[in-house]
Amino acid sequence: MAKQRIAALDDIPEGGNKAFDACGKSVLLCRTGAGVFAVENMCSHAFAHLEGGKVKGPHIFCPLHGVRFDMRTGAPNGTLTKKPITVYPVSVEGDDVVVDLPDG
């Protein structure tokens with residue numbers, strides 16, 4: 001794992017999300033009252049981008065079919081998929097959002 005600065009905190013709208021390319025991956029940063037989260041930008045159900053999906057607390061809803069994922073664990077909720085999404089350790093260091101991404 002390698003820590004990498006992905007964005008400034010102000011680059012992520014409060015109560016929203018924005019995708020960034022990092023280490024060959026599309027990483028979705030989400031900012032809610034529950035904190036800042038980093039997840040893969042791909043729904044495990046229909047392989048649609050999660051960017052633009054509604055965020056509520058520690059959850060993101062896929063904008064295509066509404067599958068809800070827990071951004072702390074990646075676990076889905078509902079019957080459309082049992083496959084979790086990948087979550088990445090994230091921290092806010094000053095004004096920088098830093099994500100621990102897998103090497104390679």
# chains A, B, ... in the order shown; residues from 1 in each chain; ligands from 1

$ residues_around --residues "Val99 (chain A)" --least-positions-apart "5" --cutoff "6 Å" --atoms "only C-alpha atoms" --output "PyMOL selection string"
chain A and resi 3-4+89-90

$ write_last_selection --atoms "N, CA and C atoms" --output "PDB file, in the first residue's frame"
ATOM      1  N   LYS A   3       0.573   5.522   0.374  1.00  0.00           N
ATOM      2  CA  LYS A   3      -0.235   6.713   0.597  1.00  0.00           C
ATOM      3  C   LYS A   3      -0.005   7.698  -0.535  1.00  0.00           C
ATOM      4  N   GLN A   4      -1.118   8.255  -1.017  1.00  0.00           N
ATOM      5  CA  GLN A   4      -1.021   9.210  -2.118  1.00  0.00           C
ATOM      6  C   GLN A   4      -2.034  10.327  -1.898  1.00  0.00           C
ATOM      7  N   PRO A  89      -8.324   2.966   2.768  1.00  0.00           N
ATOM      8  CA  PRO A  89      -8.088   3.813   3.932  1.00  0.00           C
ATOM      9  C   PRO A  89      -7.838   5.253   3.470  1.00  0.00           C
ATOM     10  N   VAL A  90      -8.467   6.194   4.147  1.00  0.00           N
ATOM     11  CA  VAL A  90      -8.368   7.606   3.753  1.00  0.00           C
ATOM     12  C   VAL A  90      -8.162   8.451   4.999  1.00  0.00           C
TER      13      VAL A  90
END

$ residues_around --residues "region 49-59 of chain A" --least-positions-apart "5" --cutoff "7 Å" --atoms "only C-alpha atoms" --output "NGL selection string"
:A and (15-19 or 28 or 32-34 or 41-43 or 68-72)

$ write_last_selection --atoms "all heavy atoms" --output "compact mmCIF listing (two decimals), in the first residue's frame"
# COMPACT_ATOMS: atom_id res chain seq x y z
N GLY A 15 -21.40 16.72 1.13
CA GLY A 15 -22.60 15.96 0.83
C GLY A 15 -22.59 15.37 -0.57
O GLY A 15 -23.61 14.93 -1.08
N GLY A 16 -21.40 15.31 -1.18
CA GLY A 16 -21.30 14.80 -2.55
C GLY A 16 -20.07 13.96 -2.76
O GLY A 16 -19.45 13.49 -1.81
N ASN A 17 -19.71 13.80 -4.02
CA ASN A 17 -18.57 12.96 -4.36
C ASN A 17 -17.96 13.40 -5.67
O ASN A 17 -18.59 14.11 -6.46
CB ASN A 17 -18.98 11.49 -4.41
CG ASN A 17 -20.14 11.25 -5.35
OD1 ASN A 17 -20.00 11.35 -6.56
ND2 ASN A 17 -21.30 10.91 -4.80
N LYS A 18 -16.72 12.97 -5.88
CA LYS A 18 -16.00 13.28 -7.11
C LYS A 18 -14.95 12.20 -7.33
O LYS A 18 -14.28 11.78 -6.40
CB LYS A 18 -15.34 14.65 -7.01
CG LYS A 18 -14.71 15.11 -8.30
CD LYS A 18 -14.24 16.54 -8.22
CE LYS A 18 -13.62 16.95 -9.54
NZ LYS A 18 -13.11 18.32 -9.49
N ALA A 19 -14.83 11.75 -8.59
CA ALA A 19 -13.86 10.70 -8.93
C ALA A 19 -12.54 11.32 -9.37
O ALA A 19 -12.51 12.38 -10.01
CB ALA A 19 -14.42 9.82 -10.04
N LEU A 28 -13.21 7.11 -6.02
CA LEU A 28 -14.29 8.04 -5.71
C LEU A 28 -14.13 8.53 -4.29
O LEU A 28 -14.09 7.72 -3.35
CB LEU A 28 -15.65 7.35 -5.87
CG LEU A 28 -16.87 8.24 -5.69
CD1 LEU A 28 -16.93 9.29 -6.81
CD2 LEU A 28 -18.14 7.41 -5.68
N THR A 32 -19.18 13.45 3.53
CA THR A 32 -20.47 13.54 4.21
C THR A 32 -20.25 14.01 5.64
O THR A 32 -19.10 14.14 6.09
CB THR A 32 -21.18 12.17 4.24
OG1 THR A 32 -20.58 11.35 5.24
CG2 THR A 32 -21.14 11.47 2.90
N GLY A 33 -21.34 14.21 6.35
CA GLY A 33 -21.23 14.55 7.76
C GLY A 33 -20.58 13.45 8.57
O GLY A 33 -20.07 13.68 9.66
N ALA A 34 -20.57 12.23 8.02
CA ALA A 34 -19.95 11.08 8.70
C ALA A 34 -18.46 10.99 8.43
O ALA A 34 -17.78 10.14 8.98
CB ALA A 34 -20.63 9.79 8.27
N ASN A 41 -14.64 3.46 -7.90
CA ASN A 41 -15.72 4.15 -8.61
C ASN A 41 -16.44 3.19 -9.55
O ASN A 41 -16.57 3.44 -10.74
CB ASN A 41 -15.16 5.35 -9.37
CG ASN A 41 -16.25 6.18 -10.02
OD1 ASN A 41 -17.37 6.22 -9.55
ND2 ASN A 41 -15.90 6.85 -11.09
N MET A 42 -16.88 2.05 -9.01
CA MET A 42 -17.54 1.04 -9.85
C MET A 42 -18.50 0.23 -9.00
O MET A 42 -18.11 -0.38 -8.01
CB MET A 42 -16.50 0.11 -10.48
CG MET A 42 -17.05 -0.86 -11.49
SD MET A 42 -17.67 -0.10 -13.01
CE MET A 42 -16.20 0.68 -13.64
N CYS A 43 -19.75 0.20 -9.41
CA CYS A 43 -20.76 -0.62 -8.74
C CYS A 43 -20.49 -2.09 -9.06
O CYS A 43 -20.23 -2.43 -10.22
CB CYS A 43 -22.15 -0.22 -9.23
SG CYS A 43 -23.48 -1.24 -8.56
N ARG A 68 -27.24 0.24 -2.50
CA ARG A 68 -26.59 1.00 -1.43
C ARG A 68 -25.37 0.24 -0.94
O ARG A 68 -25.43 -0.97 -0.70
CB ARG A 68 -27.56 1.21 -0.28
CG ARG A 68 -26.96 2.05 0.85
CD ARG A 68 -27.94 2.29 1.93
NE ARG A 68 -28.01 1.09 2.77
CZ ARG A 68 -28.71 1.02 3.90
NH1 ARG A 68 -29.42 2.04 4.31
NH2 ARG A 68 -28.70 -0.09 4.60
N PHE A 69 -24.26 0.96 -0.81
CA PHE A 69 -23.02 0.38 -0.29
C PHE A 69 -22.59 1.14 0.95
O PHE A 69 -22.68 2.37 1.00
CB PHE A 69 -21.90 0.46 -1.33
CG PHE A 69 -22.15 -0.37 -2.55
CD1 PHE A 69 -22.73 0.20 -3.68
CD2 PHE A 69 -21.81 -1.71 -2.59
CE1 PHE A 69 -22.96 -0.56 -4.82
CE2 PHE A 69 -22.04 -2.47 -3.73
CZ PHE A 69 -22.62 -1.90 -4.85
N ASP A 70 -22.07 0.41 1.93
CA ASP A 70 -21.49 1.01 3.12
C ASP A 70 -20.05 1.37 2.77
O ASP A 70 -19.25 0.49 2.45
CB ASP A 70 -21.53 0.01 4.28
CG ASP A 70 -21.08 0.61 5.60
OD1 ASP A 70 -20.14 1.43 5.60
OD2 ASP A 70 -21.67 0.24 6.62
N MET A 71 -19.73 2.65 2.81
CA MET A 71 -18.39 3.10 2.40
C MET A 71 -17.32 2.79 3.44
O MET A 71 -16.14 2.94 3.17
CB MET A 71 -18.41 4.60 2.08
CG MET A 71 -19.27 4.92 0.87
SD MET A 71 -19.19 6.65 0.38
CE MET A 71 -20.08 7.46 1.71
N ARG A 72 -17.71 2.31 4.62
CA ARG A 72 -16.73 1.90 5.62
C ARG A 72 -16.22 0.50 5.35
O ARG A 72 -15.07 0.18 5.62
CB ARG A 72 -17.34 1.96 7.02
CG ARG A 72 -17.79 3.37 7.43
CD ARG A 72 -18.64 3.34 8.65
NE ARG A 72 -19.89 2.63 8.33
CZ ARG A 72 -20.94 2.58 9.13
NH1 ARG A 72 -20.93 3.17 10.29
NH2 ARG A 72 -22.04 1.92 8.76

$ closest_residue --among "A:Val27, A:Ser44, A:Pro63, A:Asp96" --to "Leu80 (chain A)" --atoms "only C-alpha atoms"
A:Ser44

$ select_by_dssp --residues "region 16-77 of chain A" --states "strand (DSSP E)" --output "short mmCIF file (atom, residue, chain, number, x, y, z; two decimals) with N, CA, C and O atoms, in the first residue's frame"
data_model
loop_
_atom_site.label_atom_id
_atom_site.label_comp_id
_atom_site.auth_asym_id
_atom_site.auth_seq_id
_atom_site.Cartn_x
_atom_site.Cartn_y
_atom_site.Cartn_z
N GLY A 16 -21.40 15.31 -1.18
CA GLY A 16 -21.30 14.80 -2.55
C GLY A 16 -20.07 13.96 -2.76
O GLY A 16 -19.45 13.49 -1.81
N ASN A 17 -19.71 13.80 -4.02
CA ASN A 17 -18.57 12.96 -4.36
C ASN A 17 -17.96 13.40 -5.67
O ASN A 17 -18.59 14.11 -6.46
N LYS A 18 -16.72 12.97 -5.88
CA LYS A 18 -16.00 13.28 -7.11
C LYS A 18 -14.95 12.20 -7.33
O LYS A 18 -14.28 11.78 -6.40
N ALA A 19 -14.83 11.75 -8.59
CA ALA A 19 -13.86 10.70 -8.93
C ALA A 19 -12.54 11.32 -9.37
O ALA A 19 -12.51 12.38 -10.01
N PHE A 20 -11.46 10.63 -9.03
CA PHE A 20 -10.11 11.03 -9.39
C PHE A 20 -9.35 9.80 -9.89
O PHE A 20 -9.57 8.70 -9.39
N ASP A 21 -8.47 9.99 -10.86
CA ASP A 21 -7.61 8.91 -11.33
C ASP A 21 -6.36 8.88 -10.48
O ASP A 21 -5.70 9.91 -10.31
N ALA A 22 -6.04 7.71 -9.95
CA ALA A 22 -4.85 7.55 -9.12
C ALA A 22 -4.34 6.13 -9.26
O ALA A 22 -5.10 5.17 -9.12
N LYS A 25 -6.34 3.70 -11.23
CA LYS A 25 -7.68 3.36 -10.75
C LYS A 25 -8.54 4.62 -10.70
O LYS A 25 -8.03 5.72 -10.52
N SER A 26 -9.85 4.44 -10.84
CA SER A 26 -10.78 5.53 -10.63
C SER A 26 -11.24 5.44 -9.17
O SER A 26 -11.93 4.51 -8.77
N VAL A 27 -10.79 6.41 -8.37
CA VAL A 27 -11.08 6.43 -6.94
C VAL A 27 -12.14 7.50 -6.69
O VAL A 27 -11.98 8.65 -7.10
N LEU A 28 -13.21 7.11 -6.02
CA LEU A 28 -14.29 8.04 -5.71
C LEU A 28 -14.13 8.53 -4.29
O LEU A 28 -14.09 7.72 -3.35
N LEU A 29 -13.99 9.84 -4.13
CA LEU A 29 -13.92 10.45 -2.81
C LEU A 29 -15.30 11.01 -2.48
O LEU A 29 -15.90 11.71 -3.29
N CYS A 30 -15.79 10.68 -1.31
CA CYS A 30 -17.12 11.11 -0.86
C CYS A 30 -16.96 11.86 0.45
O CYS A 30 -16.23 11.44 1.34
N ARG A 31 -17.69 12.98 0.55
CA ARG A 31 -17.59 13.82 1.74
C ARG A 31 -18.99 13.99 2.33
O ARG A 31 -19.87 14.56 1.70
N THR A 32 -19.18 13.45 3.53
CA THR A 32 -20.47 13.54 4.21
C THR A 32 -20.25 14.01 5.64
O THR A 32 -19.10 14.14 6.09
N GLY A 35 -17.93 11.84 7.53
CA GLY A 35 -16.51 11.84 7.23
C GLY A 35 -16.21 11.83 5.75
O GLY A 35 -17.10 12.01 4.92
N VAL A 36 -14.94 11.59 5.44
CA VAL A 36 -14.49 11.47 4.05
C VAL A 36 -14.19 10.00 3.79
O VAL A 36 -13.54 9.35 4.61
N PHE A 37 -14.66 9.49 2.67
CA PHE A 37 -14.50 8.09 2.32
C PHE A 37 -13.89 7.97 0.93
O PHE A 37 -14.09 8.84 0.09
N ALA A 38 -13.16 6.88 0.71
CA ALA A 38 -12.57 6.59 -0.60
C ALA A 38 -12.97 5.17 -0.98
O ALA A 38 -12.73 4.23 -0.23
N VAL A 39 -13.59 5.05 -2.16
CA VAL A 39 -14.03 3.74 -2.65
C VAL A 39 -13.73 3.64 -4.14
O VAL A 39 -13.48 4.64 -4.81
N GLU A 40 -13.75 2.41 -4.65
CA GLU A 40 -13.61 2.25 -6.09
C GLU A 40 -14.83 2.87 -6.76
O GLU A 40 -15.94 2.81 -6.23
N VAL A 55 -25.15 10.36 -1.55
CA VAL A 55 -24.46 9.92 -0.34
C VAL A 55 -25.28 10.34 0.87
O VAL A 55 -25.83 11.43 0.91
N LYS A 56 -25.36 9.42 1.81
CA LYS A 56 -26.09 9.70 3.05
C LYS A 56 -25.35 8.99 4.17
O LYS A 56 -25.26 7.76 4.17
N HIS A 59 -23.02 5.91 3.56
CA HIS A 59 -23.52 5.10 2.44
C HIS A 59 -23.52 5.87 1.13
O HIS A 59 -23.75 7.08 1.11
N ILE A 60 -23.30 5.13 0.04
CA ILE A 60 -23.46 5.68 -1.30
C ILE A 60 -24.45 4.80 -2.05
O ILE A 60 -24.45 3.58 -1.89
N PHE A 61 -25.28 5.45 -2.86
CA PHE A 61 -26.28 4.76 -3.66
C PHE A 61 -25.86 4.83 -5.13
O PHE A 61 -25.57 5.92 -5.64
N ARG A 68 -27.24 0.24 -2.50
CA ARG A 68 -26.59 1.00 -1.43
C ARG A 68 -25.37 0.24 -0.94
O ARG A 68 -25.43 -0.97 -0.70
N PHE A 69 -24.26 0.96 -0.81
CA PHE A 69 -23.02 0.38 -0.29
C PHE A 69 -22.59 1.14 0.95
O PHE A 69 -22.68 2.37 1.00
N ASP A 70 -22.07 0.41 1.93
CA ASP A 70 -21.49 1.01 3.12
C ASP A 70 -20.05 1.37 2.77
O ASP A 70 -19.25 0.49 2.45
N PRO A 76 -22.63 -4.34 0.31
CA PRO A 76 -23.88 -3.90 -0.31
C PRO A 76 -25.06 -4.19 0.59
O PRO A 76 -24.99 -5.03 1.48
N ASN A 77 -26.15 -3.48 0.33
CA ASN A 77 -27.39 -3.72 1.06
C ASN A 77 -28.49 -3.92 0.02
O ASN A 77 -28.65 -3.10 -0.86
#

$ closest_residue --among "A:Thr73, A:His65, A:Cys23, A:Gly78" --to "Arg5 (chain A)" --atoms "only C-alpha atoms"
A:Cys23
